[in-house]
$ cat run-v1.cif   # mmCIF, C-alpha atoms
data_final
loop_
_atom_site.group_PDB
_atom_site.id
_atom_site.type_symbol
_atom_site.label_atom_id
_atom_site.label_comp_id
_atom_site.auth_asym_id
_atom_site.auth_seq_id
_atom_site.Cartn_x
_atom_site.Cartn_y
_atom_site.Cartn_z
ATOM 1 C CA MET A 4 -2.913 -22.486 -9.559
ATOM 2 C CA THR A 5 -2.658 -18.784 -10.398
ATOM 3 C CA GLU A 6 0.752 -17.426 -11.330
ATOM 4 C CA LYS A 7 2.391 -14.709 -9.239
ATOM 5 C CA THR A 8 3.343 -11.602 -11.260
ATOM 6 C CA ALA A 9 5.820 -8.909 -10.215
ATOM 7 C CA LEU A 10 4.796 -5.304 -10.875
ATOM 8 C CA THR A 11 7.348 -2.560 -11.542
ATOM 9 C CA PRO A 12 5.994 0.589 -13.201
ATOM 10 C CA ALA A 13 8.311 2.530 -15.537
ATOM 11 C CA THR A 14 8.434 5.308 -12.912
ATOM 12 C CA HIS A 15 10.128 3.005 -10.393
ATOM 13 C CA ALA A 16 13.781 1.989 -10.186
ATOM 14 C CA ALA A 17 14.626 -1.619 -9.490
ATOM 15 C CA PRO A 18 14.216 -2.386 -5.775
ATOM 16 C CA PRO A 19 17.432 -2.249 -3.716
ATOM 17 C CA ALA A 20 17.035 -5.889 -2.628
ATOM 18 C CA ARG A 21 15.305 -9.053 -3.882
ATOM 19 C CA PHE A 22 11.670 -7.957 -3.683
ATOM 20 C CA SER A 23 9.030 -6.567 -6.011
ATOM 21 C CA HIS A 24 7.367 -3.159 -5.806
ATOM 22 C CA GLY A 25 4.098 -5.012 -6.219
ATOM 23 C CA VAL A 26 2.955 -8.595 -6.624
ATOM 24 C CA LYS A 27 -0.313 -9.828 -8.076
ATOM 25 C CA LYS A 28 -1.694 -13.339 -7.745
ATOM 26 C CA GLY A 29 -5.234 -13.964 -8.872
ATOM 27 C CA ASN A 30 -7.306 -11.052 -7.660
ATOM 28 C CA ILE A 31 -4.901 -10.104 -4.823
ATOM 29 C CA LEU A 32 -2.407 -7.283 -5.322
ATOM 30 C CA GLN A 33 0.123 -6.414 -2.608
ATOM 31 C CA VAL A 34 2.016 -3.152 -2.939
ATOM 32 C CA ALA A 35 5.346 -3.207 -1.111
ATOM 33 C CA GLY A 36 6.199 -0.333 1.196
ATOM 34 C CA GLN A 37 6.638 2.791 -0.895
ATOM 35 C CA VAL A 38 8.392 6.005 0.062
ATOM 36 C CA GLY A 39 8.312 9.494 -1.403
ATOM 37 C CA PHE A 40 10.971 9.044 -4.085
ATOM 38 C CA LEU A 41 10.474 10.993 -7.290
ATOM 39 C CA PRO A 42 10.137 8.965 -10.508
ATOM 40 C CA ALA A 43 13.351 7.142 -11.333
ATOM 41 C CA VAL A 44 15.944 8.744 -13.600
ATOM 42 C CA GLU A 45 18.484 6.317 -15.029
ATOM 43 C CA GLY A 46 21.947 6.872 -13.623
ATOM 44 C CA ARG A 47 20.734 8.960 -10.689
ATOM 45 C CA PRO A 48 20.152 7.775 -7.135
ATOM 46 C CA PRO A 49 16.611 7.801 -5.729
ATOM 47 C CA THR A 50 15.616 11.316 -4.673
ATOM 48 C CA PRO A 51 12.949 12.212 -2.094
ATOM 49 C CA ALA A 52 10.193 14.521 -3.366
ATOM 50 C CA GLY A 53 11.216 17.062 -0.747
ATOM 51 C CA PRO A 54 11.998 17.480 2.910
ATOM 52 C CA THR A 55 8.397 17.895 4.105
ATOM 53 C CA LEU A 56 5.897 15.277 5.186
ATOM 54 C CA ARG A 57 3.373 16.690 2.681
ATOM 55 C CA GLU A 58 5.743 16.365 -0.292
ATOM 56 C CA GLN A 59 6.810 12.865 0.649
ATOM 57 C CA THR A 60 3.292 11.641 1.446
ATOM 58 C CA LEU A 61 1.820 12.890 -1.845
ATOM 59 C CA GLN A 62 4.682 11.322 -3.809
ATOM 60 C CA THR A 63 4.263 8.075 -1.867
ATOM 61 C CA PHE A 64 0.585 8.016 -2.872
ATOM 62 C CA ALA A 65 1.591 8.624 -6.516
ATOM 63 C CA ASN A 66 4.056 5.730 -6.318
ATOM 64 C CA ILE A 67 1.435 3.393 -4.840
ATOM 65 C CA LYS A 68 -1.129 4.468 -7.428
ATOM 66 C CA ALA A 69 1.327 3.665 -10.257
ATOM 67 C CA ILE A 70 1.714 0.106 -8.934
ATOM 68 C CA LEU A 71 -2.032 -0.309 -8.449
ATOM 69 C CA GLU A 72 -2.620 0.815 -12.046
ATOM 70 C CA GLU A 73 0.132 -1.500 -13.323
ATOM 71 C CA GLY A 74 -1.794 -4.363 -11.706
ATOM 72 C CA GLY A 75 -5.211 -3.247 -12.971
ATOM 73 C CA ALA A 76 -6.383 -1.872 -9.614
ATOM 74 C CA THR A 77 -7.582 1.477 -8.305
ATOM 75 C CA TRP A 78 -7.804 3.051 -4.857
ATOM 76 C CA ASP A 79 -11.336 1.627 -4.653
ATOM 77 C CA ASP A 80 -9.816 -1.882 -4.664
ATOM 78 C CA VAL A 81 -7.564 -1.183 -1.668
ATOM 79 C CA MET A 82 -8.647 -3.070 1.441
ATOM 80 C CA MET A 83 -5.788 -2.229 3.810
ATOM 81 C CA MET A 84 -3.059 0.385 4.075
ATOM 82 C CA ARG A 85 -0.201 0.409 6.547
ATOM 83 C CA VAL A 86 1.465 3.759 7.246
ATOM 84 C CA TYR A 87 4.926 3.892 8.766
ATOM 85 C CA LEU A 88 5.975 7.256 10.234
ATOM 86 C CA THR A 89 9.355 8.203 11.672
ATOM 87 C CA ASP A 90 7.927 10.782 14.093
ATOM 88 C CA VAL A 91 4.854 10.485 16.321
ATOM 89 C CA ASP A 92 4.431 14.271 16.000
ATOM 90 C CA HIS A 93 3.602 13.791 12.290
ATOM 91 C CA PHE A 94 0.441 11.763 12.981
ATOM 92 C CA ALA A 95 -2.097 14.628 12.899
ATOM 93 C CA GLU A 96 -0.512 16.265 9.836
ATOM 94 C CA MET A 97 -0.384 12.941 7.996
ATOM 95 C CA ASN A 98 -4.077 12.368 8.746
ATOM 96 C CA GLU A 99 -4.922 15.786 7.265
ATOM 97 C CA ILE A 100 -2.899 15.043 4.110
ATOM 98 C CA TYR A 101 -4.359 11.510 3.922
ATOM 99 C CA ASN A 102 -7.967 12.692 4.279
ATOM 100 C CA ALA A 103 -7.565 15.524 1.738
ATOM 101 C CA TYR A 104 -5.889 13.216 -0.796
ATOM 102 C CA PHE A 105 -8.600 10.574 -0.651
ATOM 103 C CA ASP A 106 -11.347 13.221 -0.736
ATOM 104 C CA GLU A 107 -9.760 14.487 -3.988
ATOM 105 C CA GLN A 108 -9.655 10.950 -5.425
ATOM 106 C CA GLY A 109 -13.453 10.683 -5.234
ATOM 107 C CA LEU A 110 -13.492 7.117 -3.949
ATOM 108 C CA LYS A 111 -16.705 5.156 -4.542
ATOM 109 C CA ALA A 112 -16.079 2.424 -1.990
ATOM 110 C CA PRO A 113 -15.844 2.825 1.776
ATOM 111 C CA ALA A 114 -12.406 3.835 3.043
ATOM 112 C CA SER A 115 -9.867 1.055 3.419
ATOM 113 C CA ALA A 116 -8.727 -0.203 6.784
ATOM 114 C CA ARG A 117 -5.484 1.352 8.038
ATOM 115 C CA THR A 118 -2.771 0.862 10.625
ATOM 116 C CA THR A 119 -0.140 3.447 11.547
ATOM 117 C CA VAL A 120 3.103 2.616 13.314
ATOM 118 C CA TYR A 121 6.354 4.420 14.059
ATOM 119 C CA VAL A 122 9.624 3.129 12.613
ATOM 120 C CA GLY A 123 13.122 4.088 11.612
ATOM 121 C CA LEU A 124 13.653 4.814 7.905
ATOM 122 C CA PRO A 125 16.769 5.811 5.961
ATOM 123 C CA GLU A 126 18.000 9.377 6.506
ATOM 124 C CA GLY A 127 15.642 12.004 5.112
ATOM 125 C CA LEU A 128 12.625 9.723 4.665
ATOM 126 C CA LEU A 129 9.613 10.512 6.842
ATOM 127 C CA ILE A 130 6.932 8.070 5.670
ATOM 128 C CA GLU A 131 6.438 4.673 4.056
ATOM 129 C CA ILE A 132 3.093 3.147 3.043
ATOM 130 C CA ASP A 133 2.083 -0.285 1.762
ATOM 131 C CA ALA A 134 -1.287 -1.382 0.425
ATOM 132 C CA LEU A 135 -3.291 -4.554 -0.138
ATOM 133 C CA ALA A 136 -5.871 -4.543 -2.933
ATOM 134 C CA VAL A 137 -8.446 -7.143 -3.960
ATOM 135 C CA LEU A 138 -9.741 -6.849 -7.533
ATOM 136 C CA GLY A 139 -13.139 -7.797 -8.775
#

$ encode --input "run-v1.cif" --output "structure tokens"
Amino acid sequence: MTEKTALTPATHAAPPARFSHGVKKGNILQVAGQVGFLPAVEGRPPTPAGPTLREQTLQTFANIKAILEEGGATWDDVMMMRVYLTDVDHFAEMNEIYNAYFDEQGLKAPASARTTVYVGLPEGLLIEIDALAVLG
């Protein structure tokens, strides 16, 4: 049986509870929900990239990408993304940011599947995204 490996890039602080930022088992890599926190600085609390949806979404993508890379994956390996927004009015703007980001990434594979839902997040956070990748 294949061993399960936790993934925590150097840019990420330890999770606030007993979970991993990413887990890889065989050719499956699950990225836990990521938010728009700037790279971790020892001794400082997590800090959002900024107050705007754009700033937080782009940082969230950077955080997901760091975990994918830690596990040997790329955006082309992502099969499913789940987007969690705090405000239904952010849907159109998030889609614009999402589309522009993935256009810039120059993906080779078809776009991943995606679900978007509306949730409550800690004060100041506007978006959370998780991803499922299959390597090989």

$ resolve_selection --input "run-v1.cif" --expression "the PyMOL selection byres ((chain A and resi 66) around 12)" --output "NGL selection string"
:A and (10-16 or 24-25 or 34-43 or 51-52 or 59-65 or 67-73 or 131-134)

$ resolve_selection --input "run-v1.cif" --expression "the PyMOL selection byres ((chain A and resi 108) around 12)" --output "count of residues only"
18

$ resolve_selection --input "run-v1.cif" --expression "the PyMOL selection byres ((chain A and resi 88) around 8)" --output "VMD selection string"
chain A and resid 86 to 87 89 to 91 93 to 94 119 to 123 129 to 131

$ closest_residue --input "run-v1.cif" --among "A:Asp92, A:Asp80, A:Glu99, A:Glu126" --to "Gly139 (chain A)" --atoms "only C-alpha atoms"
A:Asp80

$ atom_distance --input "run-v1.cif" --atom1 "CA of Ala76 (chain A)" --atom2 "CA of Leu138 (chain A)"
6.4 Å

$ axis_aligned_box --input "run-v1.cif" --around "region 29-46 of chain A" --padding-each-side "8 Å" --output "lines of an AutoDock Vina configuration file"
center_x = 7.3
center_y = -1.5
center_z = -6.9
size_x = 45.3
size_y = 41.0
size_z = 32.2

$ closest_residue --input "run-v1.cif" --among "A:Arg21, A:Val26, A:Val81, A:Glu58" --to "Arg117 (chain A)" --atoms "only C-alpha atoms"
A:Val81

$ atom_distance --input "run-v1.cif" --atom1 "CA of Thr5 (chain A)" --atom2 "CA of Pro113 (chain A)"
28.1 Å

$ atom_distance --input "run-v1.cif" --atom1 "CA of Leu56 (chain A)" --atom2 "CA of Met97 (chain A)"
7.3 Å

$ closest_residue --input "run-v1.cif" --among "A:Pro18, A:Ala95, A:Met83, A:Pro54" --to "Leu135 (chain A)" --atoms "only C-alpha atoms"
A:Met83

$ closest_residue --input "run-v1.cif" --among "A:Ala136, A:Glu6, A:Thr55, A:Gln33" --to "Ile100 (chain A)" --atoms "all atoms listed in the file"
A:Thr55
